[in-house]
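Student: Got a file for you: work.txt, compact mmCIF, C-alpha atoms.
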```txt
# COMPACT_ATOMS: atom_id res chain seq x y z
CA MET A 13 0.00 0.00 0.00
CA SER A 14 1.33 3.41 -0.83
CA LEU A 15 0.27 6.70 0.67
CA GLN A 16 -2.09 8.84 -1.37
CA THR A 17 -0.01 11.86 -2.38
CA ALA A 18 -1.46 15.33 -2.88
CA PHE A 19 0.02 18.65 -3.97
CA LEU A 20 -0.74 21.93 -2.20
CA PHE A 21 0.33 24.89 -4.33
CA ASP A 22 1.19 28.41 -3.40
CA LEU A 23 0.01 30.86 -6.08
CA ASP A 24 2.22 33.95 -6.61
CA GLY A 25 5.66 32.98 -7.94
CA THR A 26 4.62 29.32 -8.00
CA LEU A 27 1.82 29.11 -10.58
CA VAL A 28 1.76 32.70 -11.85
CA ASP A 29 4.67 35.07 -12.52
CA SER A 30 3.44 37.85 -10.24
CA VAL A 31 6.08 38.25 -7.50
CA TYR A 32 7.92 41.21 -9.03
CA GLN A 33 4.64 43.05 -9.59
CA HIS A 34 3.69 42.44 -5.94
CA VAL A 35 7.12 43.67 -4.85
CA LEU A 36 6.85 46.96 -6.75
CA ALA A 37 3.20 47.37 -5.69
CA TRP A 38 4.28 47.13 -2.02
CA HIS A 39 7.13 49.54 -2.73
CA GLU A 40 4.66 52.00 -4.25
CA ALA A 41 2.27 51.65 -1.28
CA LEU A 42 5.06 52.11 1.28
CA THR A 43 6.50 55.12 -0.55
CA ALA A 44 3.03 56.71 -0.67
CA GLU A 45 2.92 56.34 3.15
CA GLY A 46 6.37 57.92 3.46
CA ILE A 47 8.07 54.62 4.34
CA GLU A 48 11.42 54.17 2.58
CA LEU A 49 12.47 50.55 2.31
CA SER A 50 14.90 48.82 -0.06
CA ILE A 51 13.11 46.77 -2.66
CA TRP A 52 15.07 43.53 -2.08
CA ARG A 53 13.89 43.57 1.56
CA ILE A 54 10.28 43.76 0.37
CA HIS A 55 10.96 40.90 -2.08
CA ARG A 56 12.15 38.65 0.77
CA ARG A 57 8.83 39.22 2.60
CA ILE A 58 6.52 38.44 -0.31
CA GLY A 59 4.51 35.28 0.31
CA MET A 60 4.02 35.86 4.00
CA SER A 61 0.75 37.19 5.31
CA GLY A 62 0.18 40.78 4.16
CA GLY A 63 -0.77 41.79 7.69
CA LEU A 64 2.38 40.25 9.11
CA LEU A 65 4.45 41.89 6.37
CA THR A 66 3.11 45.37 7.15
CA ASN A 67 3.49 44.82 10.91
CA MET A 68 7.09 43.73 10.53
CA LEU A 69 7.98 46.54 8.15
CA LEU A 70 6.40 49.15 10.40
CA ARG A 71 8.18 47.74 13.45
CA GLU A 72 11.55 47.70 11.66
CA THR A 73 11.15 51.23 10.39
CA GLY A 74 10.13 52.34 13.88
CA LEU A 75 6.67 53.53 12.81
CA GLU A 76 3.57 53.01 14.86
CA ILE A 77 1.47 49.97 14.00
CA GLU A 78 -1.96 51.61 13.74
CA PRO A 79 -4.81 49.56 12.29
CA ALA A 80 -5.76 52.47 10.01
CA ARG A 81 -2.23 52.65 8.55
CA ILE A 82 -2.11 48.89 8.00
CA GLU A 83 -5.45 48.94 6.26
CA ARG A 84 -4.35 51.87 4.08
CA LEU A 85 -1.11 50.10 3.13
CA GLN A 86 -2.98 46.94 2.17
CA ARG A 87 -5.47 48.90 0.08
CA LEU A 88 -2.71 50.87 -1.66
CA HIS A 89 -0.84 47.63 -2.38
CA SER A 90 -3.93 45.96 -3.76
CA GLU A 91 -4.68 48.92 -6.06
CA ALA A 92 -1.06 49.14 -7.24
CA TYR A 93 -0.98 45.39 -7.91
CA LYS A 94 -4.21 45.47 -9.92
CA ARG A 95 -2.74 48.21 -12.13
CA ARG A 96 0.12 45.79 -12.94
CA LEU A 97 -2.07 42.74 -13.46
CA ASP A 98 -1.99 43.05 -17.26
CA GLU A 99 1.71 42.13 -17.19
CA VAL A 100 1.16 38.96 -15.13
CA ARG A 101 1.55 35.66 -16.99
CA PRO A 102 1.22 32.04 -15.88
CA LEU A 103 4.58 30.41 -15.15
CA PRO A 104 5.90 27.90 -17.73
CA GLY A 105 4.30 24.51 -17.23
CA ALA A 106 1.71 25.64 -14.66
CA ALA A 107 -1.32 24.61 -16.74
CA GLU A 108 0.38 21.39 -17.91
CA LEU A 109 1.39 20.35 -14.38
CA LEU A 110 -2.08 20.95 -12.92
CA SER A 111 -3.79 19.22 -15.87
CA PHE A 112 -1.45 16.26 -15.49
CA LEU A 113 -2.30 15.91 -11.78
CA THR A 114 -6.02 16.09 -12.52
CA SER A 115 -5.80 13.46 -15.26
CA ALA A 116 -3.62 11.24 -13.04
CA ARG A 117 -6.25 11.59 -10.26
CA ILE A 118 -3.71 13.07 -7.88
CA PRO A 119 -5.53 15.57 -5.66
CA TRP A 120 -4.29 19.14 -5.58
CA ALA A 121 -5.33 22.46 -4.07
CA VAL A 122 -4.17 26.09 -3.95
CA ALA A 123 -3.26 27.81 -0.65
CA THR A 124 -2.30 31.48 -0.85
CA SER A 125 -1.59 34.28 1.62
CA GLY A 126 -3.46 36.58 -0.79
CA ARG A 127 -7.12 37.53 -0.66
CA LEU A 128 -9.72 35.67 -2.73
CA GLU A 129 -10.35 38.65 -5.01
CA THR A 130 -6.73 39.04 -6.20
CA ALA A 131 -6.17 35.26 -6.12
CA ASN A 132 -9.05 34.73 -8.56
CA LEU A 133 -7.65 37.34 -10.94
CA ALA A 134 -4.27 35.56 -10.96
CA LEU A 135 -5.77 32.05 -11.16
CA ALA A 136 -7.78 33.04 -14.23
CA LYS A 137 -4.46 33.62 -16.04
CA ILE A 138 -3.62 29.90 -15.90
CA GLY A 139 -6.63 29.10 -18.04
CA ILE A 140 -7.71 25.77 -16.55
CA ASP A 141 -10.95 24.56 -15.01
CA LEU A 142 -10.85 25.20 -11.26
CA SER A 143 -14.44 24.23 -10.45
CA ASN A 144 -13.44 21.15 -8.42
CA VAL A 145 -10.27 22.59 -6.90
CA PRO A 146 -10.13 23.86 -3.30
CA ILE A 147 -8.75 27.41 -3.28
CA ILE A 148 -7.77 28.37 0.28
CA THR A 149 -7.11 32.09 0.73
CA ARG A 150 -6.17 34.38 3.57
CA ASP A 151 -9.88 35.14 4.14
CA GLN A 152 -10.51 31.57 5.34
CA VAL A 153 -7.88 31.14 8.05
CA ARG A 154 -6.80 32.99 11.17
CA PHE A 155 -3.08 33.15 10.30
CA ALA A 156 -1.45 33.09 6.86
CA LYS A 157 2.11 31.93 6.10
CA PRO A 158 4.57 31.21 7.67
CA ASP A 159 1.86 29.74 9.93
CA PRO A 160 0.73 26.35 8.65
CA ASP A 161 -3.04 27.08 8.71
CA LEU A 162 -3.49 27.63 4.94
CA PHE A 163 -1.85 24.32 4.02
CA ILE A 164 -3.64 22.43 6.80
CA ALA A 165 -6.98 23.79 5.58
CA ALA A 166 -6.09 22.84 1.99
CA ALA A 167 -5.22 19.25 2.97
CA GLU A 168 -8.42 19.01 5.01
CA SER A 169 -10.55 20.16 2.12
CA LEU A 170 -8.99 17.41 0.01
CA GLY A 171 -9.55 14.87 2.79
CA ILE A 172 -5.85 13.95 2.75
CA ASP A 173 -3.46 13.60 5.68
CA ILE A 174 -1.16 16.63 5.46
CA ALA A 175 1.83 14.44 6.35
CA ALA A 176 1.40 12.76 2.96
CA THR A 177 1.39 15.97 0.92
CA PHE A 178 3.89 18.09 -0.95
CA VAL A 179 3.72 21.84 -0.45
CA VAL A 180 4.96 23.61 -3.59
CA GLY A 181 6.05 27.23 -3.17
CA ASP A 182 8.62 29.80 -4.25
CA SER A 183 9.28 31.50 -0.92
CA VAL A 184 11.01 30.73 2.33
CA TRP A 185 7.62 31.29 4.04
CA ASP A 186 6.10 28.39 2.11
CA MET A 187 8.95 26.08 3.13
CA LEU A 188 8.74 27.13 6.78
CA ALA A 189 4.95 26.71 6.82
CA ALA A 190 5.36 23.29 5.18
CA GLN A 191 7.72 22.20 7.97
CA ARG A 192 5.30 23.39 10.64
CA ALA A 193 2.50 21.48 8.89
CA ARG A 194 4.74 18.36 8.64
CA ALA A 195 4.40 18.39 4.86
CA LEU A 196 7.38 18.13 2.48
CA GLY A 197 8.27 21.45 0.87
CA ILE A 198 9.15 21.69 -2.81
CA GLY A 199 10.81 24.99 -3.65
CA LEU A 200 10.60 26.73 -7.02
CA LEU A 201 13.14 29.33 -8.10
CA SER A 202 10.48 31.15 -10.14
CA GLY A 203 9.78 33.66 -7.37
CA GLY A 204 13.36 34.93 -7.42
CA TYR A 205 14.73 33.45 -4.18
CA GLY A 206 18.11 31.74 -4.36
CA LEU A 207 18.42 27.93 -4.24
CA ASP A 208 20.16 27.89 -0.88
CA GLU A 209 17.57 30.15 0.76
CA LEU A 210 14.89 27.58 -0.06
CA GLU A 211 17.08 24.64 0.97
CA ARG A 212 17.98 26.29 4.25
CA ALA A 213 14.28 26.82 4.92
CA GLY A 214 13.85 23.07 4.63
CA ALA A 215 12.98 22.40 0.98
CA TYR A 216 12.96 18.67 0.22
CA ARG A 217 13.58 19.40 -3.48
CA VAL A 218 14.05 22.57 -5.51
CA PHE A 219 13.08 23.03 -9.17
CA ASP A 220 13.18 25.99 -11.54
CA ASP A 221 9.45 26.33 -12.17
CA PRO A 222 6.29 24.19 -12.69
CA ALA A 223 7.59 22.89 -16.05
CA HIS A 224 10.77 21.62 -14.41
CA LEU A 225 8.81 20.03 -11.55
CA LEU A 226 6.59 18.23 -14.09
CA GLN A 227 9.71 16.77 -15.75
CA HIS A 228 10.59 15.23 -12.38
CA ILE A 229 7.08 14.28 -11.27
CA ASP A 230 7.94 10.55 -11.28
CA GLU A 231 10.38 11.23 -8.46
CA LEU A 232 7.53 12.61 -6.37
CA GLY A 233 5.22 9.64 -6.10
CA ALA A 234 3.37 10.28 -9.35
CA ARG A 235 3.81 8.11 -12.42
CA ARG A 236 3.45 9.48 -15.91
CA MET B 21 54.12 49.73 3.60
CA SER B 22 50.51 48.95 2.85
CA LEU B 23 48.87 48.76 -0.56
CA GLN B 24 46.76 51.72 -1.60
CA THR B 25 43.20 50.37 -1.62
CA ALA B 26 40.51 51.60 -3.98
CA PHE B 27 36.83 50.77 -4.41
CA LEU B 28 35.23 50.16 -7.81
CA PHE B 29 31.45 50.30 -7.58
CA ASP B 30 28.78 48.82 -9.75
CA LEU B 31 25.76 51.15 -9.99
CA ASP B 32 22.34 49.43 -10.29
CA GLY B 33 21.51 47.42 -7.17
CA THR B 34 24.78 48.56 -5.55
CA LEU B 35 24.43 52.34 -5.15
CA VAL B 36 20.86 52.85 -6.39
CA ASP B 37 17.80 50.68 -5.84
CA SER B 38 17.00 50.20 -9.53
CA VAL B 39 17.31 46.46 -10.23
CA TYR B 40 13.60 45.63 -9.99
CA GLN B 41 12.72 48.51 -12.31
CA HIS B 42 15.31 47.25 -14.82
CA VAL B 43 13.90 43.73 -14.52
CA LEU B 44 10.33 44.80 -15.29
CA ALA B 45 11.55 47.16 -18.03
CA TRP B 46 13.27 44.22 -19.76
CA HIS B 47 10.14 42.12 -19.25
CA GLU B 48 8.06 44.83 -20.88
CA ALA B 49 10.50 45.14 -23.81
CA LEU B 50 10.63 41.37 -24.37
CA THR B 51 6.84 41.01 -24.15
CA ALA B 52 6.44 43.83 -26.71
CA GLU B 53 8.67 41.78 -29.05
CA GLY B 54 6.59 38.66 -28.45
CA ILE B 55 9.25 36.99 -26.29
CA GLU B 56 7.79 35.29 -23.21
CA LEU B 57 10.34 34.82 -20.45
CA SER B 58 9.89 34.28 -16.69
CA ILE B 59 10.78 37.38 -14.72
CA TRP B 60 13.19 35.66 -12.29
CA ARG B 61 15.29 34.54 -15.28
CA ILE B 62 15.56 38.17 -16.41
CA HIS B 63 16.50 39.20 -12.84
CA ARG B 64 19.43 36.77 -12.85
CA ARG B 65 20.80 38.41 -16.03
CA ILE B 66 20.64 42.02 -14.82
CA GLY B 67 24.09 43.52 -14.45
CA MET B 68 25.60 41.77 -17.42
CA SER B 69 26.09 43.64 -20.67
CA GLY B 70 22.72 44.51 -22.24
CA GLY B 71 23.94 43.22 -25.61
CA LEU B 72 25.04 39.93 -24.08
CA LEU B 73 21.73 39.68 -22.20
CA THR B 74 19.64 40.09 -25.35
CA ASN B 75 21.89 37.70 -27.32
CA MET B 76 21.58 35.03 -24.66
CA LEU B 77 17.85 35.45 -24.24
CA LEU B 78 17.26 35.31 -28.00
CA ARG B 79 19.46 32.23 -28.32
CA GLU B 80 17.66 30.46 -25.45
CA THR B 81 14.23 31.26 -26.81
CA GLY B 82 15.34 30.05 -30.25
CA LEU B 83 14.80 33.42 -31.94
CA GLU B 84 17.11 34.85 -34.54
CA ILE B 85 19.74 37.26 -33.30
CA GLU B 86 19.20 40.11 -35.78
CA PRO B 87 20.97 43.41 -35.07
CA ALA B 88 17.68 45.28 -35.70
CA ARG B 89 15.83 43.21 -33.10
CA ILE B 90 18.60 43.67 -30.52
CA GLU B 91 18.63 47.40 -31.09
CA ARG B 92 14.82 47.51 -30.77
CA LEU B 93 14.91 45.53 -27.52
CA GLN B 94 17.54 47.81 -26.04
CA ARG B 95 15.57 50.93 -27.03
CA LEU B 96 12.32 49.49 -25.62
CA HIS B 97 14.09 48.59 -22.37
CA SER B 98 15.64 52.04 -22.07
CA GLU B 99 12.27 53.75 -22.63
CA ALA B 100 10.48 51.44 -20.18
CA TYR B 101 13.20 51.99 -17.56
CA LYS B 102 13.03 55.78 -17.90
CA ARG B 103 9.27 55.65 -17.30
CA ARG B 104 10.05 53.93 -13.97
CA LEU B 105 12.90 56.24 -12.97
CA ASP B 106 10.71 58.31 -10.63
CA GLU B 107 10.47 55.30 -8.29
CA VAL B 108 14.26 54.80 -8.11
CA ARG B 109 15.93 55.76 -4.82
CA PRO B 110 19.53 55.63 -3.65
CA LEU B 111 20.30 52.58 -1.51
CA PRO B 112 20.70 53.12 2.26
CA GLY B 113 24.18 54.39 3.05
CA ALA B 114 25.26 55.00 -0.56
CA ALA B 115 25.90 58.72 -0.12
CA GLU B 116 27.49 58.19 3.33
CA LEU B 117 29.82 55.44 2.11
CA LEU B 118 31.02 57.42 -0.92
CA SER B 119 31.44 60.61 1.14
CA PHE B 120 33.42 58.68 3.74
CA LEU B 121 35.78 57.30 1.10
CA THR B 122 36.29 60.75 -0.38
CA SER B 123 37.00 62.31 3.02
CA ALA B 124 39.35 59.43 3.92
CA ARG B 125 41.18 59.98 0.59
CA ILE B 126 40.47 56.44 -0.54
CA PRO B 127 40.04 56.50 -4.32
CA TRP B 128 36.80 55.20 -5.78
CA ALA B 129 35.13 54.96 -9.18
CA VAL B 130 31.91 53.68 -10.74
CA ALA B 131 31.88 50.96 -13.42
CA THR B 132 28.51 50.03 -14.90
CA SER B 133 27.25 47.85 -17.76
CA GLY B 134 24.68 50.59 -18.43
CA ARG B 135 24.99 53.47 -20.88
CA LEU B 136 26.19 56.92 -19.78
CA GLU B 137 22.78 58.51 -20.31
CA THR B 138 20.87 56.20 -17.93
CA ALA B 139 23.83 55.95 -15.55
CA ASN B 140 23.85 59.73 -15.10
CA LEU B 141 20.12 59.75 -14.33
CA ALA B 142 20.65 57.12 -11.61
CA LEU B 143 23.83 58.70 -10.22
CA ALA B 144 22.04 62.03 -9.79
CA LYS B 145 19.74 60.28 -7.29
CA ILE B 146 22.62 59.77 -4.85
CA GLY B 147 23.05 63.51 -4.52
CA ILE B 148 26.82 63.75 -4.09
CA ASP B 149 29.48 65.63 -6.04
CA LEU B 150 30.81 63.37 -8.79
CA SER B 151 33.01 65.92 -10.55
CA ASN B 152 36.27 64.15 -9.63
CA VAL B 153 34.98 60.61 -9.87
CA PRO B 154 35.70 58.38 -12.87
CA ILE B 155 32.42 56.97 -14.22
CA ILE B 156 33.14 54.11 -16.61
CA THR B 157 30.14 53.04 -18.69
CA ARG B 158 29.44 50.50 -21.37
CA ASP B 159 30.12 53.15 -24.03
CA GLN B 160 33.83 53.25 -23.10
CA VAL B 161 34.81 49.57 -23.31
CA ARG B 162 34.57 46.82 -25.88
CA PHE B 163 32.97 44.24 -23.55
CA ALA B 164 30.84 44.85 -20.45
CA LYS B 165 30.41 42.42 -17.50
CA PRO B 166 31.11 39.57 -16.91
CA ASP B 167 34.18 40.62 -18.90
CA PRO B 168 36.63 42.51 -16.69
CA ASP B 169 37.12 45.51 -19.02
CA LEU B 170 34.92 47.98 -17.09
CA PHE B 171 36.69 47.40 -13.79
CA ILE B 172 40.13 47.41 -15.43
CA ALA B 173 39.34 50.75 -17.07
CA ALA B 174 38.07 52.12 -13.74
CA ALA B 175 41.26 51.11 -11.90
CA GLU B 176 43.37 52.59 -14.69
CA SER B 177 41.55 55.90 -14.52
CA LEU B 178 42.34 56.00 -10.79
CA GLY B 179 45.96 55.05 -11.46
CA ILE B 180 45.67 52.10 -9.06
CA ASP B 181 46.76 48.50 -9.59
CA ILE B 182 43.52 46.53 -10.02
CA ALA B 183 44.95 43.72 -7.87
CA ALA B 184 44.74 46.12 -4.90
CA THR B 185 41.09 47.05 -5.41
CA PHE B 186 37.73 45.91 -4.12
CA VAL B 187 34.95 45.53 -6.68
CA VAL B 188 31.57 46.16 -5.03
CA GLY B 189 28.53 44.78 -6.81
CA ASP B 190 25.16 43.11 -6.29
CA SER B 191 25.24 40.58 -9.10
CA VAL B 192 27.01 37.36 -9.92
CA TRP B 193 28.36 39.13 -13.05
CA ASP B 194 30.21 41.67 -10.89
CA MET B 195 31.81 38.91 -8.82
CA LEU B 196 32.83 36.94 -11.92
CA ALA B 197 34.25 40.06 -13.59
CA ALA B 198 36.12 40.87 -10.36
CA GLN B 199 37.75 37.44 -10.41
CA ARG B 200 38.78 37.83 -14.03
CA ALA B 201 40.24 41.25 -13.19
CA ARG B 202 42.06 39.78 -10.15
CA ALA B 203 40.24 42.18 -7.85
CA LEU B 204 38.44 41.11 -4.67
CA GLY B 205 34.67 41.07 -5.06
CA ILE B 206 32.39 42.41 -2.34
CA GLY B 207 28.80 41.31 -2.85
CA LEU B 208 25.74 43.27 -1.73
CA LEU B 209 22.35 41.62 -1.24
CA SER B 210 20.59 44.84 -2.27
CA GLY B 211 20.11 43.67 -5.86
CA GLY B 212 18.04 40.67 -4.75
CA TYR B 213 20.51 37.83 -5.35
CA GLY B 214 20.89 35.25 -2.59
CA LEU B 215 23.97 35.20 -0.35
CA ASP B 216 25.21 31.86 -1.65
CA GLU B 217 24.90 32.91 -5.29
CA LEU B 218 27.35 35.75 -4.63
CA GLU B 219 29.66 33.56 -2.54
CA ARG B 220 29.70 30.84 -5.17
CA ALA B 221 30.62 33.46 -7.76
CA GLY B 222 33.68 34.25 -5.67
CA ALA B 223 32.64 37.08 -3.31
CA TYR B 224 35.32 37.76 -0.70
CA ARG B 225 32.70 39.32 1.61
CA VAL B 226 28.94 39.86 1.36
CA PHE B 227 27.01 42.71 3.01
CA ASP B 228 23.35 43.76 2.92
CA ASP B 229 23.81 47.16 1.29
CA PRO B 230 26.18 50.19 1.27
CA ALA B 231 25.18 51.13 4.85
CA HIS B 232 26.17 47.67 6.09
CA LEU B 233 29.45 47.78 4.14
CA LEU B 234 30.27 51.16 5.71
CA GLN B 235 29.77 49.63 9.19
CA HIS B 236 32.47 47.10 8.30
CA ILE B 237 34.79 49.42 6.37
CA ASP B 238 37.61 48.96 8.92
CA GLU B 239 37.77 45.31 7.90
CA LEU B 240 38.48 46.38 4.33
CA GLY B 241 41.69 48.33 4.68
CA ALA B 242 40.04 51.64 5.49
CA ARG B 243 40.19 53.16 8.97
CA ARG B 244 37.43 55.31 10.30
```
The structure in this file should be written as structure tokens.
Tutor:
Amino acid sequence: MSLQTAFLFDLDGTLVDSVYQHVLAWHEALTAEGIELSIWRIHRRIGMSGGLLTNMLLRETGLEIEPARIERLQRLHSEAYKRRLDEVRPLPGAAELLSFLTSARIPWAVATSGRLETANLALAKIGIDLSNVPIITRDQVRFAKPDPDLFIAAAESLGIDIAATFVVGDSVWDMLAAQRARALGIGLLSGGYGLDELERAGAYRVFDDPAHLLQHIDELGARR
Amino acid sequence: MSLQTAFLFDLDGTLVDSVYQHVLAWHEALTAEGIELSIWRIHRRIGMSGGLLTNMLLRETGLEIEPARIERLQRLHSEAYKRRLDEVRPLPGAAELLSFLTSARIPWAVATSGRLETANLALAKIGIDLSNVPIITRDQVRFAKPDPDLFIAAAESLGIDIAATFVVGDSVWDMLAAQRARALGIGLLSGGYGLDELERAGAYRVFDDPAHLLQHIDELGARR
């Protein structure tokens, strides 16, 4: 008897090529609030909960963490991201990988620190049928990444033991959340992190992007 | 007797926070030419010669390397970058580090794979007097990074043996060019590369950004 495998996917930087747009959208929002922060430092925070990100940035820059300011930052980011959405493309192999899993009857779900509204806009770019796919967003859990809640909820909605799943993500926050959830993390370089950053955060394997993962899918419990 | 040290600085991602704008400007230019390429792959090429970058991308995507297409791509990138120039800020500590070197009579120069026109626009952001500083751009050498020509020309214009210099840069291409020039490479994380990528490309030291380098300047032959 072999364990039933399932794949829990992060969205931004994992299935769609949207990390750099999110980074510059946060930079625009922070600048509008008079907060000067180097862009690479924003990049390294993408993928974690937006609330946690703003809290940490405000704390580091010594600014007061007022609920009104946090809400304003999140709204400014969301508006700035939507203005850049035209540039966002699916990552190579995203549609093929997900279609392969569906046809091979391997369960999969999406678990993102983003809100449902922006997640749906990005998911639509992939161009596949999502009607039977659990999409777990920040709206549905108490804590987003690096807390494990999103991935735990995704595994639950598939009815699969999380300890048997692979969590696929591009950021250190995905890998850390995967460890806390006792899932195996698969890192993708397509979000712009370095290989060793993902490995040091506990990645079990690291691939370039969804296309590269699909080439190696036989090594991950699936058979083509 | 101690060697006279000098510092040769890369510009984008090293003194000014402009890498992510360059990345999305290249993405926009490539998309306009019908070339689909993941953004992280563009990021990893920033800092090398623009001509080399376009040649390599065209070769990888199987497109013909026509001079007209390369020229068009470079023009589109330059236009798209200039539209984003308003967002570009100096990196933390850039002005302080350069002013410290000047006041300590430690020679320094700038060596960038960019063209003089865009380099001047970025340099103006730092807000320091550059009248006595050699600025070596792509226009002045046959080959840009990862060839060593830019750094060699910069050391020559300072009248310093390149083997006694530090090359400060944010990209793997700076570190590789430094090795070829027999200089010591100092990597900065402020361009968004991972620590190990810079170390594996031969960085002698790695710091976060110019402010962090300045904190450690006594370890680099300068005395505060």
Student: Compile the contact shell of Leu96 in chain B as a PyMOL selection string: residues with an atom at most 8 Å away, counting all atoms listed in the file, same-chain residues fewer than 6 positions apart removed.
Tutor: chain B and resi 45-46+48-49
Student: Against range 104-111 of chain A, which residues of range 127-148 of chain A fall within 10 Å? For each one I want the closest pair of atoms and the distance in Å (one decimal), counting all atoms listed in the file, rows by chain and increasing residue number, as JSON lines.
Tutor:
```
{"residue": "A:Lys137", "atom": "CA", "partner": "A:Ala107", "partner_atom": "CA", "distance": 9.6}
{"residue": "A:Ile138", "atom": "CA", "partner": "A:Ala107", "partner_atom": "CA", "distance": 5.8}
{"residue": "A:Gly139", "atom": "CA", "partner": "A:Ala107", "partner_atom": "CA", "distance": 7.1}
{"residue": "A:Ile140", "atom": "CA", "partner": "A:Ala107", "partner_atom": "CA", "distance": 6.5}
{"residue": "A:Asp141", "atom": "CA", "partner": "A:Ser111", "partner_atom": "CA", "distance": 9.0}
{"residue": "A:Leu142", "atom": "CA", "partner": "A:Leu110", "partner_atom": "CA", "distance": 9.9}
```
Student: Measuring between only C-alpha atoms, which one of A:Ala195, A:Ala44, A:Ala215, A:Leu103 shows the shortest distance to chain B?
Tutor: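 Selected residue with least distance to chain B: A:Leu103.
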Student: As a short mmCIF file (atom, residue, chain, number, x, y, z; two decimals) with C-alpha atoms, in the frame of the given file, could you give me every residue of chain B near chain A (at most 12 Å apart, counting all atoms listed in the file)?
Tutor:
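The result, stored in part03.cif:
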```cif
data_model
loop_
_atom_site.label_atom_id
_atom_site.label_comp_id
_atom_site.auth_asym_id
_atom_site.auth_seq_id
_atom_site.Cartn_x
_atom_site.Cartn_y
_atom_site.Cartn_z
CA GLY B 33 21.51 47.42 -7.17
CA THR B 34 24.78 48.56 -5.55
CA LEU B 35 24.43 52.34 -5.15
CA VAL B 36 20.86 52.85 -6.39
CA ASP B 37 17.80 50.68 -5.84
CA SER B 38 17.00 50.20 -9.53
CA VAL B 39 17.31 46.46 -10.23
CA TYR B 40 13.60 45.63 -9.99
CA GLN B 41 12.72 48.51 -12.31
CA HIS B 42 15.31 47.25 -14.82
CA VAL B 43 13.90 43.73 -14.52
CA LEU B 44 10.33 44.80 -15.29
CA ALA B 45 11.55 47.16 -18.03
CA HIS B 47 10.14 42.12 -19.25
CA GLU B 48 8.06 44.83 -20.88
CA ALA B 49 10.50 45.14 -23.81
CA LEU B 50 10.63 41.37 -24.37
CA THR B 51 6.84 41.01 -24.15
CA ALA B 52 6.44 43.83 -26.71
CA GLU B 56 7.79 35.29 -23.21
CA LEU B 57 10.34 34.82 -20.45
CA SER B 58 9.89 34.28 -16.69
CA ILE B 59 10.78 37.38 -14.72
CA TRP B 60 13.19 35.66 -12.29
CA ARG B 61 15.29 34.54 -15.28
CA ILE B 62 15.56 38.17 -16.41
CA HIS B 63 16.50 39.20 -12.84
CA ARG B 64 19.43 36.77 -12.85
CA ARG B 65 20.80 38.41 -16.03
CA ARG B 104 10.05 53.93 -13.97
CA ASP B 106 10.71 58.31 -10.63
CA GLU B 107 10.47 55.30 -8.29
CA VAL B 108 14.26 54.80 -8.11
CA ARG B 109 15.93 55.76 -4.82
CA PRO B 110 19.53 55.63 -3.65
CA LEU B 111 20.30 52.58 -1.51
CA PRO B 112 20.70 53.12 2.26
CA GLY B 113 24.18 54.39 3.05
CA ASP B 190 25.16 43.11 -6.29
CA VAL B 192 27.01 37.36 -9.92
CA LEU B 208 25.74 43.27 -1.73
CA LEU B 209 22.35 41.62 -1.24
CA SER B 210 20.59 44.84 -2.27
CA GLY B 211 20.11 43.67 -5.86
CA GLY B 212 18.04 40.67 -4.75
CA TYR B 213 20.51 37.83 -5.35
CA GLY B 214 20.89 35.25 -2.59
CA LEU B 215 23.97 35.20 -0.35
CA ASP B 216 25.21 31.86 -1.65
CA GLU B 217 24.90 32.91 -5.29
CA LEU B 218 27.35 35.75 -4.63
CA GLU B 219 29.66 33.56 -2.54
CA ARG B 220 29.70 30.84 -5.17
CA ASP B 228 23.35 43.76 2.92
CA ASP B 229 23.81 47.16 1.29
CA PRO B 230 26.18 50.19 1.27
CA ALA B 231 25.18 51.13 4.85
#
```
Student: Interatomic distance between CA of Asp22 in chain A and CA of Leu226 in chain A?
Tutor: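 CA of Leu226 in chain A lies 15.7 Å from CA of Asp22 in chain A.
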Student: Extract, using only C-alpha atoms, all DNA, RNA and protein residues at most 12 Å from Arg202 in chain B, discarding same-chain residues fewer than 2 positions from it, and format them as a compact mmCIF listing (two decimals) with C-alpha atoms, keeping the file's coordinate frame.
Tutor:
```txt
# COMPACT_ATOMS: atom_id res chain seq x y z
CA ASP B 167 34.18 40.62 -18.90
CA PRO B 168 36.63 42.51 -16.69
CA ASP B 169 37.12 45.51 -19.02
CA PHE B 171 36.69 47.40 -13.79
CA ILE B 172 40.13 47.41 -15.43
CA ALA B 175 41.26 51.11 -11.90
CA ASP B 181 46.76 48.50 -9.59
CA ILE B 182 43.52 46.53 -10.02
CA ALA B 183 44.95 43.72 -7.87
CA ALA B 184 44.74 46.12 -4.90
CA THR B 185 41.09 47.05 -5.41
CA PHE B 186 37.73 45.91 -4.12
CA VAL B 187 34.95 45.53 -6.68
CA MET B 195 31.81 38.91 -8.82
CA LEU B 196 32.83 36.94 -11.92
CA ALA B 197 34.25 40.06 -13.59
CA ALA B 198 36.12 40.87 -10.36
CA GLN B 199 37.75 37.44 -10.41
CA ARG B 200 38.78 37.83 -14.03
CA LEU B 204 38.44 41.11 -4.67
CA GLY B 205 34.67 41.07 -5.06
CA GLY B 222 33.68 34.25 -5.67
CA ALA B 223 32.64 37.08 -3.31
CA TYR B 224 35.32 37.76 -0.70
```
Student: Expressed in Å to a single decimal, how great is the separation between CA of Glu231 in chain A and CA of Ile172 in chain A?
Tutor: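 Those two atoms sit 19.9 Å apart.
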Student: When you look at Thr130 in chain A with a cut-off of 10 Å (counting all atoms listed in the file), what residues show up, excluding the ones that are within fewer than 2 positions of it in the same chain? I need them as a list in words.
Tutor: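 Using all atoms listed in the file, the neighbours found are Ser90, Tyr93, Lys94, Leu97, Gly126, Arg127, Leu128, Asn132, Leu133, Ala134, Leu135 and Thr149 of chain A.
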